[in-house]
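Data block for entry.cif (mmCIF, C-alpha atoms and all ligand atoms):
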data_coords
loop_
_atom_site.label_atom_id
_atom_site.label_comp_id
_atom_site.auth_asym_id
_atom_site.auth_seq_id
_atom_site.Cartn_x
_atom_site.Cartn_y
_atom_site.Cartn_z
CA MET M 1 87.48 111.55 112.12
CA ALA M 2 89.39 111.48 115.40
CA LYS M 3 93.04 111.81 116.39
CA TYR M 4 94.76 108.95 118.22
CA LEU M 5 98.09 108.63 119.97
CA VAL M 6 99.23 105.00 119.93
CA THR M 7 102.21 104.25 122.16
CA GLY M 8 103.96 101.07 121.03
CA GLY M 9 102.36 101.73 117.64
CA ALA M 10 105.22 100.08 115.75
CA GLY M 11 104.76 96.77 117.58
CA PHE M 12 102.55 93.79 116.79
CA LEU M 13 99.32 94.96 118.43
CA GLY M 14 99.91 98.68 117.98
CA SER M 15 100.66 98.55 114.25
CA ASN M 16 97.56 96.48 113.54
CA ILE M 17 95.47 99.02 115.45
CA VAL M 18 97.11 101.88 113.53
CA GLU M 19 96.30 100.19 110.22
CA SER M 20 92.64 99.86 111.18
CA LEU M 21 92.41 103.49 112.38
CA VAL M 22 93.94 104.80 109.15
CA ALA M 23 91.54 102.67 107.10
CA ASN M 24 88.73 104.34 109.04
CA GLY M 25 90.03 107.81 108.08
CA ASP M 26 91.39 108.66 111.54
CA LYS M 27 94.67 110.49 112.16
CA VAL M 28 97.35 108.71 114.17
CA ILE M 29 100.51 109.57 116.04
CA VAL M 30 102.72 106.56 116.64
CA TYR M 31 104.97 106.93 119.67
CA ASP M 32 107.61 104.22 119.88
CA ASP M 33 111.24 103.71 120.86
CA PHE M 34 111.59 100.82 118.37
CA SER M 35 113.09 98.57 121.04
CA THR M 36 111.01 95.63 119.75
CA GLY M 37 108.79 97.40 117.23
CA SER M 38 109.76 97.84 113.58
CA LYS M 39 109.95 100.94 111.37
CA LYS M 40 108.72 98.72 108.53
CA ASN M 41 105.36 98.43 110.32
CA VAL M 42 104.64 102.16 110.10
CA GLN M 43 106.63 103.53 107.16
CA ASP M 44 104.13 103.14 104.34
CA TYR M 45 101.62 105.77 105.43
CA LYS M 46 101.23 109.34 104.15
CA GLN M 47 102.41 112.02 106.58
CA THR M 48 98.85 113.30 106.75
CA GLU M 49 97.70 109.88 108.00
CA VAL M 50 100.40 108.86 110.46
CA ARG M 51 103.11 110.86 112.21
CA VAL M 52 105.84 108.83 113.88
CA VAL M 53 107.52 110.12 117.02
CA GLU M 54 110.58 108.14 118.07
CA GLY M 55 110.92 108.26 121.84
CA ASP M 56 110.67 106.55 125.19
CA VAL M 57 107.36 106.65 127.10
CA CYS M 58 109.45 107.45 130.16
CA ASP M 59 110.33 110.80 128.53
CA GLU M 60 107.64 112.96 130.12
CA LYS M 61 108.12 116.10 128.00
CA LEU M 62 108.15 114.30 124.67
CA MET M 63 105.09 112.25 125.61
CA ARG M 64 103.15 115.36 126.51
CA LYS M 65 104.15 117.08 123.27
CA ALA M 66 103.09 114.07 121.21
CA ALA M 67 99.71 113.79 122.95
CA ARG M 68 98.70 117.39 122.21
CA GLY M 69 95.38 117.61 120.36
CA CYS M 70 94.64 113.86 120.60
CA ASP M 71 91.14 112.58 121.27
CA TYR M 72 92.22 109.10 122.39
CA LEU M 73 95.41 107.69 123.85
CA LEU M 74 95.98 103.97 123.35
CA HIS M 75 98.85 102.83 125.57
CA LEU M 76 100.57 99.71 124.28
CA ALA M 77 104.24 100.54 124.83
CA GLY M 78 105.66 97.97 127.19
CA ARG M 79 108.16 95.19 127.54
CA ALA M 80 106.27 92.11 126.38
CA GLY M 81 107.12 88.67 127.73
CA VAL M 82 107.54 86.93 131.07
CA GLU M 83 111.05 85.56 130.50
CA GLY M 84 112.62 88.97 129.82
CA SER M 85 110.92 90.37 132.90
CA VAL M 86 112.41 87.64 135.07
CA LYS M 87 115.91 88.37 133.71
CA ASN M 88 115.54 92.14 133.86
CA PRO M 89 112.67 93.14 136.16
CA ASP M 90 113.84 96.79 136.41
CA ALA M 91 113.27 97.51 132.72
CA THR M 92 109.82 95.90 132.64
CA LEU M 93 108.65 97.59 135.83
CA LYS M 94 110.09 101.00 134.89
CA VAL M 95 108.11 101.14 131.63
CA GLY M 96 105.04 99.68 133.37
CA PHE M 97 105.09 102.29 136.10
CA GLU M 98 106.86 105.40 134.81
CA GLY M 99 105.75 105.04 131.19
CA THR M 100 102.12 104.45 132.11
CA LEU M 101 102.15 107.28 134.65
CA ASN M 102 103.52 109.67 132.00
CA ALA M 103 100.92 108.58 129.48
CA LEU M 104 98.09 108.96 132.00
CA THR M 105 99.31 112.36 133.19
CA ALA M 106 99.55 113.63 129.61
CA ALA M 107 96.06 112.27 128.86
CA ARG M 108 94.63 113.94 131.98
CA ASP M 109 96.31 117.33 131.46
CA LEU M 110 95.52 117.47 127.74
CA LYS M 111 91.89 116.43 128.29
CA VAL M 112 92.04 113.30 126.16
CA LYS M 113 88.56 111.76 125.86
CA ARG M 114 89.64 108.22 126.73
CA PHE M 115 92.77 106.31 127.69
CA ILE M 116 92.91 102.61 126.74
CA TYR M 117 95.49 100.42 128.44
CA ALA M 118 96.80 97.12 127.04
CA SER M 119 96.94 94.85 130.07
CA SER M 120 97.39 91.11 130.21
CA CYS M 121 95.89 87.89 131.57
CA ALA M 122 99.23 87.60 133.42
CA VAL M 123 97.64 89.69 136.18
CA TYR M 124 95.63 86.60 137.22
CA GLY M 125 98.80 84.78 138.26
CA GLU M 126 98.91 81.13 139.19
CA SER M 127 95.34 80.45 140.32
CA PRO M 128 94.04 77.28 138.58
CA VAL M 129 90.42 78.53 138.65
CA LEU M 130 88.90 78.78 135.16
CA PRO M 131 87.49 80.68 133.43
CA LYS M 132 89.12 83.89 134.62
CA GLU M 133 86.57 86.54 135.52
CA GLU M 134 87.45 90.20 136.03
CA THR M 135 86.16 90.01 139.63
CA MET M 136 88.79 87.42 140.59
CA LEU M 137 91.74 88.49 142.68
CA ALA M 138 94.59 89.78 140.52
CA SER M 139 97.74 88.20 141.91
CA PRO M 140 100.62 88.12 139.41
CA TYR M 141 103.60 85.90 140.13
CA ASN M 142 106.23 87.36 137.82
CA PRO M 143 107.52 90.90 137.17
CA TYR M 144 105.70 91.06 133.82
CA GLY M 145 102.30 90.44 135.45
CA ALA M 146 103.19 92.91 138.21
CA ALA M 147 104.06 95.62 135.65
CA MET M 148 100.76 95.03 133.86
CA LEU M 149 98.81 95.25 137.12
CA ILE M 150 100.61 98.44 138.14
CA GLY M 151 99.46 100.00 134.85
CA GLU M 152 95.89 98.89 135.53
CA GLU M 153 95.93 100.26 139.06
CA LEU M 154 97.29 103.62 137.89
CA SER M 155 94.55 103.74 135.24
CA ARG M 156 91.87 102.96 137.84
CA VAL M 157 93.24 105.61 140.20
CA PHE M 158 93.31 108.27 137.44
CA TYR M 159 89.64 107.51 136.77
CA ALA M 160 88.70 107.55 140.46
CA THR M 161 90.70 110.68 141.29
CA TYR M 162 90.70 112.81 138.14
CA ARG M 163 87.75 111.32 136.20
CA LEU M 164 90.02 110.64 133.25
CA GLU M 165 88.07 107.96 131.35
CA THR M 166 90.32 104.90 131.39
CA VAL M 167 89.59 101.40 130.09
CA CYS M 168 91.86 98.40 130.74
CA LEU M 169 91.84 95.45 128.35
CA ARG M 170 93.25 92.22 129.77
CA LEU M 171 94.48 90.59 126.60
CA PHE M 172 94.91 86.82 126.54
CA ASN M 173 97.14 85.09 123.94
CA VAL M 174 96.98 87.30 120.87
CA TYR M 175 98.37 86.01 117.56
CA GLY M 176 98.39 86.88 113.87
CA PRO M 177 100.18 89.00 111.24
CA ARG M 178 103.20 91.09 112.34
CA GLN M 179 103.78 89.16 115.55
CA SER M 180 107.49 88.49 115.84
CA HIS M 181 108.50 84.81 115.57
CA VAL M 182 111.63 85.39 117.66
CA GLY M 183 112.41 87.17 120.90
CA PRO M 184 110.26 88.37 123.79
CA SER M 185 107.24 89.45 121.70
CA SER M 186 106.91 86.07 119.92
CA SER M 187 104.22 83.52 120.76
CA VAL M 188 103.82 79.79 120.39
CA ILE M 189 101.78 80.32 117.20
CA SER M 190 104.27 82.68 115.53
CA ARG M 191 107.12 80.31 116.42
CA PHE M 192 105.19 77.29 115.12
CA CYS M 193 104.40 79.07 111.84
CA ALA M 194 108.07 79.95 111.30
CA ALA M 195 109.27 76.43 112.19
CA ILE M 196 106.70 74.75 109.92
CA LEU M 197 107.53 77.04 107.00
CA LYS M 198 111.25 76.41 107.45
CA GLY M 199 110.64 72.66 107.56
CA GLU M 200 111.86 72.48 111.18
CA LYS M 201 110.35 70.70 114.18
CA ALA M 202 107.95 72.74 116.33
CA GLU M 203 109.35 73.32 119.81
CA ILE M 204 107.00 72.27 122.64
CA PHE M 205 107.74 72.80 126.32
CA GLY M 206 106.39 69.97 128.46
CA ASP M 207 103.67 67.48 127.43
CA GLY M 208 101.79 69.86 125.09
CA LYS M 209 98.60 69.51 127.12
CA GLN M 210 98.91 73.03 128.52
CA SER M 211 96.18 75.22 127.04
CA ARG M 212 95.65 78.88 126.25
CA ASP M 213 92.86 81.18 125.15
CA PHE M 214 94.16 82.26 121.74
CA VAL M 215 92.60 85.34 120.17
CA TYR M 216 93.20 86.56 116.62
CA ILE M 217 94.59 90.06 116.17
CA SER M 218 91.61 91.51 114.26
CA ASP M 219 89.31 90.67 117.18
CA VAL M 220 91.67 92.51 119.54
CA VAL M 221 91.85 95.53 117.21
CA GLU M 222 88.05 95.64 117.28
CA ALA M 223 88.09 95.51 121.09
CA PHE M 224 90.33 98.60 121.23
CA ARG M 225 88.00 100.47 118.90
CA LEU M 226 84.94 99.54 120.95
CA ALA M 227 86.69 100.49 124.19
CA CYS M 228 87.17 104.05 122.92
CA THR M 229 83.48 104.80 122.61
CA ALA M 230 81.35 102.20 124.44
CA PRO M 231 79.18 103.87 127.08
CA LYS M 232 79.74 102.72 130.68
CA ALA M 233 83.17 101.24 129.89
CA GLU M 234 85.11 103.97 131.68
CA GLY M 235 86.95 102.93 134.85
CA GLU M 236 86.44 99.25 133.94
CA VAL M 237 88.62 96.23 133.21
CA PHE M 238 87.69 93.70 130.49
CA ASN M 239 88.99 90.30 129.46
CA ILE M 240 89.66 90.23 125.72
CA ALA M 241 90.00 86.70 124.38
CA SER M 242 88.14 84.14 122.30
CA GLY M 243 86.41 82.53 125.28
CA SER M 244 87.63 79.04 124.36
CA ARG M 245 90.92 77.27 124.87
CA MET M 246 93.21 75.10 122.81
CA SER M 247 96.17 72.99 123.92
CA VAL M 248 99.60 73.51 122.42
CA GLY M 249 99.44 69.95 121.08
CA GLY M 250 96.02 70.84 119.61
CA LEU M 251 97.64 73.69 117.70
CA LEU M 252 100.03 71.23 116.09
CA SER M 253 97.07 69.02 115.10
CA GLY M 254 95.40 72.14 113.65
CA PHE M 255 98.44 72.83 111.47
CA THR M 256 98.65 69.15 110.51
CA GLN M 257 95.03 69.26 109.28
CA LEU M 258 95.59 72.53 107.48
CA LEU M 259 98.66 71.32 105.60
CA GLU M 260 97.62 67.66 105.37
CA LYS M 261 101.10 66.81 106.55
CA GLU M 262 102.34 65.71 109.95
CA ILE M 263 104.18 68.41 111.88
CA LEU M 264 106.86 66.94 114.12
CA ALA M 265 107.48 68.26 117.61
CA ASP M 266 110.76 68.88 119.38
CA THR M 267 109.85 68.32 123.05
CA LYS M 268 111.71 70.32 125.68
CA GLU M 269 111.39 70.42 129.46
CA ALA M 270 108.34 72.31 130.80
CA ARG M 271 109.06 75.91 131.81
CA PRO M 272 108.35 76.56 135.49
CA SER M 273 107.06 80.09 134.73
CA ASP M 274 104.21 78.76 132.49
CA VAL M 275 100.68 78.43 133.90
CA ARG M 276 99.05 75.09 133.03
CA HIS M 277 95.78 76.37 131.59
CA SER M 278 94.25 79.71 130.71
CA LEU M 279 90.72 80.62 129.66
CA ALA M 280 88.78 83.88 129.80
CA ASP M 281 85.20 84.63 130.64
CA ILE M 282 84.34 87.30 128.05
CA LEU M 283 80.76 87.99 129.12
CA LYS M 284 81.54 91.44 130.50
CA ALA M 285 83.24 92.55 127.26
CA GLN M 286 80.32 91.15 125.27
CA GLU M 287 77.72 92.94 127.37
CA VAL M 288 79.40 96.30 127.95
CA LEU M 289 81.62 96.74 124.89
CA GLY M 290 79.54 94.75 122.41
CA TYR M 291 82.70 92.71 121.73
CA ARG M 292 82.28 89.58 119.58
CA PRO M 293 85.32 87.47 118.68
CA ARG M 294 84.80 86.45 115.06
CA VAL M 295 87.86 84.55 113.87
CA THR M 296 87.97 80.83 114.69
CA ILE M 297 91.29 79.24 115.58
CA ALA M 298 91.27 77.24 112.30
CA GLU M 299 90.82 80.46 110.28
CA GLY M 300 93.37 82.31 112.39
CA LEU M 301 96.04 79.62 111.95
CA ALA M 302 95.48 79.59 108.18
CA LYS M 303 95.68 83.40 107.91
CA SER M 304 98.79 83.50 110.09
CA LEU M 305 100.60 80.82 108.14
CA LEU M 306 99.91 82.67 104.89
CA TRP M 307 101.21 85.91 106.34
CA TYR M 308 104.46 84.36 107.58
CA LYS M 309 104.92 82.62 104.25
CA LYS M 310 104.72 85.97 102.47
CA ASN M 311 106.81 87.87 105.01
CA LEU M 312 109.59 85.62 106.24
CA GLY M 313 111.29 86.09 102.87
CA LYS M 314 114.85 84.85 102.78
CA GLU M 315 114.48 82.92 106.02
CA LEU M 316 112.41 80.32 104.16
CA LYS M 317 113.84 77.51 102.20
CA GLY M 318 111.71 74.67 100.91
CA ALA M 319 108.45 76.04 102.33
CA PRO M 320 105.53 73.63 101.89
CA ARG M 321 102.74 74.61 99.46
CA LEU M 322 99.83 76.24 101.32
N1 LIG X 1 100.74 90.07 122.29
C1 LIG X 1 100.05 89.60 123.30
O1 LIG X 1 99.55 88.45 123.28
C2 LIG X 1 99.81 90.45 124.53
C3 LIG X 1 98.98 89.94 125.54
C4 LIG X 1 98.78 90.71 126.67
C5 LIG X 1 99.34 91.96 126.79
N2 LIG X 1 100.16 92.43 125.82
C6 LIG X 1 100.78 93.74 126.03
O2 LIG X 1 100.44 94.60 124.97
C7 LIG X 1 101.53 95.50 124.69
C8 LIG X 1 101.92 95.37 123.23
O3 LIG X 1 102.32 94.03 122.98
P1 LIG X 1 102.86 93.50 121.58
O4 LIG X 1 102.59 92.05 121.54
O5 LIG X 1 102.39 94.39 120.49
O6 LIG X 1 104.43 93.66 121.80
P2 LIG X 1 105.51 94.40 120.86
O7 LIG X 1 106.82 94.15 121.55
O8 LIG X 1 105.35 93.96 119.46
O9 LIG X 1 105.09 95.93 121.00
C9 LIG X 1 105.50 96.76 122.04
C10 LIG X 1 105.90 98.08 121.39
O10 LIG X 1 106.24 99.01 122.44
C11 LIG X 1 107.47 99.63 122.08
N3 LIG X 1 108.12 100.04 123.34
C12 LIG X 1 108.62 99.23 124.31
N4 LIG X 1 109.12 99.97 125.31
C13 LIG X 1 108.94 101.27 124.97
C14 LIG X 1 109.26 102.51 125.59
N5 LIG X 1 109.88 102.55 126.77
N6 LIG X 1 108.92 103.65 124.97
C15 LIG X 1 108.30 103.63 123.75
N7 LIG X 1 107.98 102.49 123.11
C16 LIG X 1 108.29 101.33 123.71
C17 LIG X 1 108.24 98.60 121.30
O11 LIG X 1 109.25 99.13 120.46
C18 LIG X 1 107.12 97.95 120.49
O12 LIG X 1 106.88 98.62 119.28
C19 LIG X 1 102.66 95.11 125.65
O13 LIG X 1 102.62 95.92 126.79
C20 LIG X 1 102.32 93.68 126.02
O14 LIG X 1 102.84 93.32 127.26
C21 LIG X 1 100.42 91.70 124.69
#

Here is the file; what I need is its structure written in the form of structure tokens.
Ligand SMILES: NC(=O)c1ccc[n+]([C@@H]2O[C@H](COP(=O)([O-])OP(=O)(O)OC[C@H]3O[C@@H](n4cnc5c(N)ncnc54)[C@H](O)[C@@H]3O)[C@@H](O)[C@H]2O)c1
Amino acid sequence: MAKYLVTGGAGFLGSNIVESLVANGDKVIVYDDFSTGSKKNVQDYKQTEVRVVEGDVCDEKLMRKAARGCDYLLHLAGRAGVEGSVKNPDATLKVGFEGTLNALTAARDLKVKRFIYASSCAVYGESPVLPKEETMLASPYNPYGAAMLIGEELSRVFYATYRLETVCLRLFNVYGPRQSHVGPSSSVISRFCAAILKGEKAEIFGDGKQSRDFVYISDVVEAFRLACTAPKAEGEVFNIASGSRMSVGGLLSGFTQLLEKEILADTKEARPSDVRHSLADILKAQEVLGYRPRVTIAEGLAKSLLWYKKNLGKELKGAPRL
């Protein structure tokens, strides 16, 4: 049994990680300001399993207090989403820099065994070269990617300077249960699920041929667990993805097959901030972490749709039979 501090533990990724840690018998402290995360995601645990601290990662004293006695610090508190970062770069960059610095400093001073940082494929920026390998130049082109890269650089520097064991996971397009279907933390899959279940058209930006490397949440949870203990992972950066890509139009076809019913699209103008294609090389994570993505996109879409059907509650009227 180990003790974990999970910042952003009430959010999509964080709460799924917390659930898996508790199932493993570990003790967890969730540290979250609930700006996008939900109390519902963390309220059903016993106090002996999960302690919730409501606070901002930029609050140095509170962070340090919360991290006391922890073996691992998983840092997932951040402002998700490119669009929000373009509108309000200060907020995104403040949490990326100050929040990550506070978390790293607490981890170093309190002798945490390992610090795992949730980074993003957004650090690769606009380069059309595929697949993305960790050795490629990181060159973000929006404030969100810059905030993620700042967190990575701070993590690398804390390893190089203080020998705090840090591991950065560059997450590609994660989807699955508990992902919001509205707002900055939503994704194309969560929005499609909600639209389909409400009997609405699925909104597509551009021609739908843009593609992403979609990875199901349970595979990402497993990557965080492996990153905590894998030998030779410290000081390193890893792509975490499925290693294959799917177009946005292909997702709609996937849902059509699943439901045996045509899903109509509502086509909007392409968004200039979107990269055309994204795909990860996951060889390094496979070799060093022993990471193996297990959930196929067809399985992941089916599981997601079921989850939204159960959880969207009153928002649904006339949901199709699944
Ligand atoms: N979901 C993805 O596909 C994906 C991909 C790459 C990287 N990431 C990164 O992983 C992290 C988690 O993403 P998510 O999808 O779970 O988003 P999320 O919005 O569901 O979770 C973020 C959590 O952090 C909390 N938070 C935000 N600012 C905070 C602050 N200042 N102090 C304390 N808590 C704060 C929020 O309340 C929320 O619970 C984010 O940094 C995101 O950028 C996510």

Per-residue nearest contacts chain M to ligand LIG 1 (chain X), cut-off 6 Å, using only C-alpha atoms and all ligand atoms, as a Markdown table:
| residue | atom | partner | partner_atom | distance |
| --- | --- | --- | --- | --- |
| M:Gly8 | CA | X:LIG1 | O10 | 3.4 |
| M:Gly9 | CA | X:LIG1 | O12 | 5.7 |
| M:Ala10 | CA | X:LIG1 | O12 | 4.2 |
| M:Gly11 | CA | X:LIG1 | O12 | 3.3 |
| M:Phe12 | CA | X:LIG1 | O5 | 3.8 |
| M:Leu13 | CA | X:LIG1 | O5 | 3.7 |
| M:Gly14 | CA | X:LIG1 | O5 | 5.6 |
| M:Asp32 | CA | X:LIG1 | N7 | 3.7 |
| M:Asp33 | CA | X:LIG1 | C15 | 4.1 |
| M:Phe34 | CA | X:LIG1 | O11 | 3.6 |
| M:Ser35 | CA | X:LIG1 | O11 | 3.9 |
| M:Thr36 | CA | X:LIG1 | O11 | 4.0 |
| M:Gly37 | CA | X:LIG1 | O12 | 3.1 |
| M:Gly55 | CA | X:LIG1 | C15 | 5.7 |
| M:Asp56 | CA | X:LIG1 | N6 | 3.4 |
| M:Val57 | CA | X:LIG1 | N6 | 4.0 |
| M:Cys58 | CA | X:LIG1 | N5 | 6.0 |
| M:Leu76 | CA | X:LIG1 | C7 | 4.3 |
| M:Ala77 | CA | X:LIG1 | O10 | 3.5 |
| M:Gly78 | CA | X:LIG1 | O13 | 3.7 |
| M:Arg79 | CA | X:LIG1 | C12 | 5.2 |
| M:Ala80 | CA | X:LIG1 | O14 | 3.7 |
| M:Val95 | CA | X:LIG1 | N5 | 5.4 |
| M:Ala118 | CA | X:LIG1 | O2 | 4.9 |
| M:Ser119 | CA | X:LIG1 | C5 | 5.0 |
| M:Ser120 | CA | X:LIG1 | C4 | 3.8 |
| M:Leu171 | CA | X:LIG1 | C4 | 4.3 |
| M:Phe172 | CA | X:LIG1 | C3 | 5.2 |
| M:Asn173 | CA | X:LIG1 | O1 | 4.2 |
| M:Val174 | CA | X:LIG1 | O1 | 3.7 |
| M:Ser185 | CA | X:LIG1 | O7 | 4.7 |

inquiry  = Considering all atoms listed in the file, can you say which of M:Ala230, M:Leu264, M:Val167, M:Arg245 comes closest to Gly199 in chain M?
reply    = M:Leu264

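When only C-alpha atoms are used to compute distances to His181 in chain M, the closest of the residues M:Ile150, M:Val50, M:Leu279, M:Leu197 turns out to be M:Leu197.
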
message = Restricting the calculation to only C-alpha atoms: of M:Leu305, M:Cys228, M:Ala285, M:Val182, which residue gets closest to Arg114 in chain M?
response = M:Cys228

inquiry  = Could you list, as a VMD selection string, every residue within 9 Å of Phe255 in chain M, counting only C-alpha atoms and ignoring same-chain residues fewer than 2 positions away?
reply    = chain M and resid 192 to 193 196 250 to 253 257 to 263 298 301 to 302 305

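The shortest atom-to-atom distance to Gly99 in chain M, with all atoms listed in the file taken into account, belongs to M:Ser155 out of M:Gln179, M:Ser155, M:Ser304, M:Thr48.
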
Is it possible to add N, CA and C atoms to range 136-155 of chain M and hand it back as a PDB file, in the coordinates of the input?
ATOM      1  N   MET M 136      87.848  88.249 139.824  1.00  0.00           N
ATOM      2  CA  MET M 136      88.790  87.420 140.590  1.00  0.00           C
ATOM      3  C   MET M 136      89.980  88.260 141.060  1.00  0.00           C
ATOM      4  N   LEU M 137      90.589  87.774 142.128  1.00  0.00           N
ATOM      5  CA  LEU M 137      91.740  88.490 142.680  1.00  0.00           C
ATOM      6  C   LEU M 137      92.886  88.495 141.655  1.00  0.00           C
ATOM      7  N   ALA M 138      93.407  89.685 141.394  1.00  0.00           N
ATOM      8  CA  ALA M 138      94.590  89.780 140.520  1.00  0.00           C
ATOM      9  C   ALA M 138      95.809  89.550 141.403  1.00  0.00           C
ATOM     10  N   SER M 139      96.607  88.543 141.060  1.00  0.00           N
ATOM     11  CA  SER M 139      97.740  88.200 141.910  1.00  0.00           C
ATOM     12  C   SER M 139      98.896  87.672 141.059  1.00  0.00           C
ATOM     13  N   PRO M 140      99.560  88.579 140.321  1.00  0.00           N
ATOM     14  CA  PRO M 140     100.620  88.120 139.410  1.00  0.00           C
ATOM     15  C   PRO M 140     101.766  87.471 140.153  1.00  0.00           C
ATOM     16  N   TYR M 141     102.469  86.558 139.468  1.00  0.00           N
ATOM     17  CA  TYR M 141     103.600  85.900 140.130  1.00  0.00           C
ATOM     18  C   TYR M 141     104.891  86.041 139.354  1.00  0.00           C
ATOM     19  N   ASN M 142     104.943  87.024 138.461  1.00  0.00           N
ATOM     20  CA  ASN M 142     106.230  87.360 137.820  1.00  0.00           C
ATOM     21  C   ASN M 142     106.240  88.869 137.573  1.00  0.00           C
ATOM     22  N   PRO M 143     107.433  89.434 137.331  1.00  0.00           N
ATOM     23  CA  PRO M 143     107.520  90.900 137.170  1.00  0.00           C
ATOM     24  C   PRO M 143     106.683  91.425 136.008  1.00  0.00           C
ATOM     25  N   TYR M 144     106.511  90.619 134.962  1.00  0.00           N
ATOM     26  CA  TYR M 144     105.700  91.060 133.820  1.00  0.00           C
ATOM     27  C   TYR M 144     104.243  91.300 134.264  1.00  0.00           C
ATOM     28  N   GLY M 145     103.677  90.303 134.964  1.00  0.00           N
ATOM     29  CA  GLY M 145     102.300  90.440 135.450  1.00  0.00           C
ATOM     30  C   GLY M 145     102.176  91.620 136.416  1.00  0.00           C
ATOM     31  N   ALA M 146     103.211  91.800 137.244  1.00  0.00           N
ATOM     32  CA  ALA M 146     103.190  92.910 138.210  1.00  0.00           C
ATOM     33  C   ALA M 146     103.183  94.250 137.472  1.00  0.00           C
ATOM     34  N   ALA M 147     104.008  94.361 136.422  1.00  0.00           N
ATOM     35  CA  ALA M 147     104.060  95.620 135.650  1.00  0.00           C
ATOM     36  C   ALA M 147     102.704  95.906 135.011  1.00  0.00           C
ATOM     37  N   MET M 148     102.070  94.862 134.493  1.00  0.00           N
ATOM     38  CA  MET M 148     100.760  95.030 133.860  1.00  0.00           C
ATOM     39  C   MET M 148      99.722  95.498 134.887  1.00  0.00           C
ATOM     40  N   LEU M 149      99.788  94.890 136.075  1.00  0.00           N
ATOM     41  CA  LEU M 149      98.810  95.250 137.120  1.00  0.00           C
ATOM     42  C   LEU M 149      99.051  96.663 137.638  1.00  0.00           C
ATOM     43  N   ILE M 150     100.306  97.068 137.717  1.00  0.00           N
ATOM     44  CA  ILE M 150     100.610  98.440 138.140  1.00  0.00           C
ATOM     45  C   ILE M 150      99.962  99.423 137.164  1.00  0.00           C
ATOM     46  N   GLY M 151     100.076  99.139 135.873  1.00  0.00           N
ATOM     47  CA  GLY M 151      99.460 100.000 134.850  1.00  0.00           C
ATOM     48  C   GLY M 151      97.944 100.057 135.025  1.00  0.00           C
ATOM     49  N   GLU M 152      97.347  98.914 135.312  1.00  0.00           N
ATOM     50  CA  GLU M 152      95.890  98.890 135.530  1.00  0.00           C
ATOM     51  C   GLU M 152      95.500  99.725 136.749  1.00  0.00           C
ATOM     52  N   GLU M 153      96.260  99.554 137.827  1.00  0.00           N
ATOM     53  CA  GLU M 153      95.930 100.260 139.060  1.00  0.00           C
ATOM     54  C   GLU M 153      96.067 101.773 138.878  1.00  0.00           C
ATOM     55  N   LEU M 154      97.127 102.181 138.160  1.00  0.00           N
ATOM     56  CA  LEU M 154      97.290 103.620 137.890  1.00  0.00           C
ATOM     57  C   LEU M 154      96.103 104.130 137.063  1.00  0.00           C
ATOM     58  N   SER M 155      95.673 103.332 136.094  1.00  0.00           N
ATOM     59  CA  SER M 155      94.550 103.740 135.240  1.00  0.00           C
ATOM     60  C   SER M 155      93.286 103.889 136.092  1.00  0.00           C
TER      61      SER M 155
END
